[in-house]
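To keep things clear, I will list the structure first and then write my remarks on it.
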Amino acid sequence: MTRKRRRLVLLLACGVGLGSATALALTAFQSSVEFFVSPAEIAAGTESPGRTVRLGGLVEAGSVQHSDPDGHPVVRFRVTDGKAAVEVTYTGALPDLFREGQGIVAIGAVQPDGTFSAAEVLAKHDENYMPKEVVEALKKSGRWNPADGPPPPAATWDTLKVKSAGG
Amino acid sequence: MTPELGHFALALAVAIAAAQAVLPLMGAHNRDARMMAAAPALAVGQLIALLTSFGCLVWSGVVNDFSVFNVAENSSSTEPLFYRITGTWGDHEGSILLWCLILACCGGAVAAFGRNLPASLRARVIGVLGFTSAGFLLYTLTVSNPFLRVWPPPIDGRNINPLLQDPGLAMHPPVLYSGYVGFAIPFAFAVAALLEGRVDAAWGRWVRPWTLAAWCLLTGGIALGSWWAYYELGWGGFWFWDPVENASLLPWLAGTALLHSAIVVEKREALKTWTILLAIGTFSLSLCGTFMVRSGILNSVHSFASDPTRGVFILALLAIVIGGSLQLFALRAPVLAASGIFAPVSREGALVLNNILLCSICAVVLTGTTYPLIAALLFNVALSVGPPYFHLTVVPLLVPLFAAMSVGPTLPWKRADLLPALTRLWWAAAIAALVGIAAEAGLGRAFAAGGFAAAAWLITGAFAELVERVRLFRVPLSVTRARIAAQPLSVWGAAVAHAGLGVTVAGIAGMSLATSTIVAVTPGATIRLGGYDWTLLAMHDAPGPDYTARVADLRVTRDGRQVALFHPSRRTFTEQKQTISDTAIQTNLVRDLYAVIGDERNGQVVLRLHVNYLAPWIWLGALVMAAGGGLSLADRRLRVGAPARRPVATVPA
């Protein structure tokens, strides 16, 4: 094999490697990127049911209800961005830092009745840390602009309690 | 007084590093022997200054000097001594100082063990390390100073984050950083080679042990982090494709590729430019890994912007180090002589395939990790890339990699025939196929069966080359024994490292069979999971040094026989008002019984129970991989041509 041919083989191999990596990444992106939605967007009904998304916001004060049908713990709570609140249902154990008034991220899908069914609930292991989804939701709702400084302490968000969804 | 001394030593280190960056490089350029000779002394001086500085910070923690910001934030008088020491690197400032200290150790190691390097190359390597050091030390001194005082000093410190009060995680940063920073040495060698305009087999021989040492440490560091996530976070998994985890995986993938391409440079003087580029890329990924994670830009664009001075400083530094070295590469790479040639089917060809596949995996992981950031900055869309993306992209690329991993080492250099190599591996393929079929028949899970088959293929294939070399069963056993003794350690090292990956793959395949359940029960209730009966006997309170714990007594029986009696608990830390679950794990290396308790309401406790299979194999495999690297490092052949007075095996940290 000549030097040229060998170089060609090498380049072809690199091309195949890169090409397949790109193809894999693109197809995987199509099916597995999770978009972020805010409670207000779900309340407005723009989110199509069934698609896996991330819902970020604060747990509305006084909204957490526990029940244990057939031994599996089910939690219902409302997630708010100060503009709208969405009812979330979750089966399983909540993270240690899950508290009312705290920022959380719920991964799941909107149900046809407008509630949100979460497969996973995340609360970060730092009480001062705001998940980016929550920051995004609060920014979108106009309640807090990060440019104005740090967010108000989590406890004061209770005053953002929303009386009815979409209010 | 101690913190001021540390502060002064830090400032001194900056000055020495600046001199270390300028003098040797100028000396090498002007062929001034005296300036070049200053390099090792400066490197050692910088190391001593930083050791003093770091020692002062540790001492402030040990004596509970809460007027020091770093100590007040990460320590408290109620903590045991061990955590008062490890709290030093519990925050950004302290960990960056540790990072700089390890970088200075690299400089010191080159000064101490590189006496046989050509004078100009050694001066340039130390100079490049000094340049990098100077940049990051300046950053530490100006915007990330751990010696800042707080006034008035608090009566007691804020305590280390309870999650970090764990021996595994306390040791995780030093090991991981040693791995990250260890890649600074191949990087410095690469830049020095570009400045010299010369890369030869000797260069490959010098670079490889350093790369190998860094790689071993990084492997250990990643495994330690993954193990910690498994037993401490209590989510029942071992890898979550979190940006922080990916940031450590990226340099590991690139470093593994570098390790293999350096072999080609050493043995065949080929792939020289590519290896240089890879050395620069690996260290760049290490840098991005440390600082992007520490600055929080991967978690949130906003947390980065919340401290703009630091962010801008770090970005500028990264741009100078990475951009500068790439610019140099673009200018000087064409100067390097054209490399030796080889056939596509050969040992070199197989190593090229290894590089292509590892770099492809690295590229897809990098894309997935940074895509949310890119989408937020360019398209203003908030999105997140979860584990499904990584599974869909990484697994298909791993299949050819694993397939080639056992074949590559059996191919001869320069030119080979695939068929004889494959026929020599028939028994490895047969074992893998048998394992796969048996697993599929017994478990009925395609992913796990494929994983076990791959593991069997990797482990048997790893030793196929050795079996061939010692001519097992084809010559009398005494001859075989003599041949075994005659095999160089690096051959053993490669086989052990490849087999270690097989063990890890088996562990991951086993974990895919894990079962779990979440239930709310009252004491006395029994749950059935994975063939075990789990009985919650009682709940009670137990005091701890700085927390109060709520403990569950859980008995696990199988067919009426007690298998385990263990105590998952929830600790409420009084100081930070934080609650942490303490996972209970009982393992016999084949299956882990894993229990976490959650909330308690109306006399009912939420229990999360898992039965995980082969979980410890994942980290054991990583340990075996690192041990394989260590074996290779111990090989004298690695040092032929660059004989060191003392073994290079001592690790740069």
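The way I read the labels, and the way they are meant: chains A, B, ... in the order of the structure tokens, residue 1 as the first residue of every chain, and ligand 1 as the first ligand shown, with later ones counted on from there.
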
Inset, instruction - Kindly determine which residues of chain B lie within 8 Å of chain A, considering only C-alpha atoms, and give the answer as a ChimeraX atom specification. - result: /B:299-300,302,341-344,353,356-357,360-361,363-364,367-368,381-386,388-389,392-393,397,518-521,578-581,598-599,606-608

Legend entry - Every residue of segment 1-96 of chain A that DSSP places in alpha helix (DSSP H), as a ChimeraX atom specification: /A:3-32,39-43

With N, CA and C atoms retained, could you export that selection as a compact mmCIF listing (two decimals), in the first residue's frame?
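Output file result_4.txt is given in full below:
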```
# COMPACT_ATOMS: atom_id res chain seq x y z
N ARG A 3 1.92 5.26 0.52
CA ARG A 3 1.73 6.20 1.63
C ARG A 3 0.40 6.93 1.51
N LYS A 4 0.06 7.31 0.26
CA LYS A 4 -1.17 8.05 0.01
C LYS A 4 -2.39 7.22 0.40
N ARG A 5 -2.37 5.94 -0.06
CA ARG A 5 -3.49 5.05 0.24
C ARG A 5 -3.68 4.92 1.75
N ARG A 6 -2.52 4.76 2.46
CA ARG A 6 -2.58 4.58 3.91
C ARG A 6 -3.18 5.80 4.58
N ARG A 7 -2.75 6.95 4.10
CA ARG A 7 -3.30 8.18 4.69
C ARG A 7 -4.80 8.25 4.43
N LEU A 8 -5.20 7.82 3.25
CA LEU A 8 -6.62 7.83 2.89
C LEU A 8 -7.40 6.93 3.84
N VAL A 9 -6.84 5.72 4.10
CA VAL A 9 -7.52 4.79 5.01
C VAL A 9 -7.68 5.41 6.39
N LEU A 10 -6.60 6.06 6.85
CA LEU A 10 -6.61 6.69 8.17
C LEU A 10 -7.69 7.78 8.23
N LEU A 11 -7.72 8.62 7.17
CA LEU A 11 -8.70 9.71 7.14
C LEU A 11 -10.11 9.15 7.10
N LEU A 12 -10.29 8.09 6.30
CA LEU A 12 -11.61 7.47 6.20
C LEU A 12 -12.06 6.96 7.57
N ALA A 13 -11.12 6.29 8.29
CA ALA A 13 -11.45 5.75 9.60
C ALA A 13 -11.87 6.86 10.55
N CYS A 14 -11.10 7.98 10.52
CA CYS A 14 -11.45 9.11 11.36
C CYS A 14 -12.83 9.65 10.99
N GLY A 15 -13.07 9.74 9.67
CA GLY A 15 -14.35 10.23 9.19
C GLY A 15 -15.50 9.38 9.67
N VAL A 16 -15.31 8.05 9.56
CA VAL A 16 -16.37 7.13 10.00
C VAL A 16 -16.62 7.30 11.49
N GLY A 17 -15.52 7.38 12.29
CA GLY A 17 -15.65 7.55 13.73
C GLY A 17 -16.40 8.82 14.08
N LEU A 18 -15.95 9.94 13.51
CA LEU A 18 -16.59 11.22 13.80
C LEU A 18 -18.03 11.25 13.32
N GLY A 19 -18.21 10.70 12.10
CA GLY A 19 -19.55 10.71 11.50
C GLY A 19 -20.53 9.94 12.34
N SER A 20 -20.12 8.75 12.79
CA SER A 20 -21.06 7.95 13.58
C SER A 20 -21.31 8.62 14.93
N ALA A 21 -20.28 9.26 15.49
CA ALA A 21 -20.48 9.95 16.76
C ALA A 21 -21.50 11.07 16.59
N THR A 22 -21.35 11.84 15.49
CA THR A 22 -22.28 12.94 15.24
C THR A 22 -23.70 12.41 15.04
N ALA A 23 -23.81 11.34 14.24
CA ALA A 23 -25.14 10.78 13.96
C ALA A 23 -25.79 10.29 15.26
N LEU A 24 -24.99 9.60 16.08
CA LEU A 24 -25.52 9.10 17.35
C LEU A 24 -25.99 10.25 18.23
N ALA A 25 -25.15 11.29 18.31
CA ALA A 25 -25.49 12.42 19.17
C ALA A 25 -26.77 13.09 18.71
N LEU A 26 -26.89 13.27 17.37
CA LEU A 26 -28.07 13.96 16.86
C LEU A 26 -29.35 13.17 17.10
N THR A 27 -29.30 11.84 16.81
CA THR A 27 -30.52 11.05 17.04
C THR A 27 -30.85 11.01 18.52
N ALA A 28 -29.83 10.91 19.37
CA ALA A 28 -30.11 10.84 20.80
C ALA A 28 -30.69 12.16 21.31
N PHE A 29 -30.19 13.28 20.74
CA PHE A 29 -30.73 14.58 21.15
C PHE A 29 -32.21 14.67 20.88
N GLN A 30 -32.60 14.15 19.70
CA GLN A 30 -34.01 14.25 19.33
C GLN A 30 -34.92 13.59 20.34
N SER A 31 -34.45 12.45 20.89
CA SER A 31 -35.36 11.71 21.76
C SER A 31 -35.13 11.96 23.24
N SER A 32 -33.98 12.51 23.61
CA SER A 32 -33.72 12.51 25.05
C SER A 32 -33.38 13.87 25.66
N PRO A 39 -44.25 26.63 35.67
CA PRO A 39 -45.64 26.37 36.04
C PRO A 39 -46.61 27.21 35.20
N ALA A 40 -46.22 28.45 34.91
CA ALA A 40 -47.11 29.32 34.14
C ALA A 40 -47.38 28.73 32.76
N GLU A 41 -46.36 28.15 32.14
CA GLU A 41 -46.53 27.58 30.80
C GLU A 41 -47.47 26.38 30.83
N ILE A 42 -47.36 25.57 31.90
CA ILE A 42 -48.27 24.42 32.00
C ILE A 42 -49.69 24.90 32.25
N ALA A 43 -49.83 25.90 33.11
CA ALA A 43 -51.16 26.43 33.41
C ALA A 43 -51.81 27.00 32.14
```
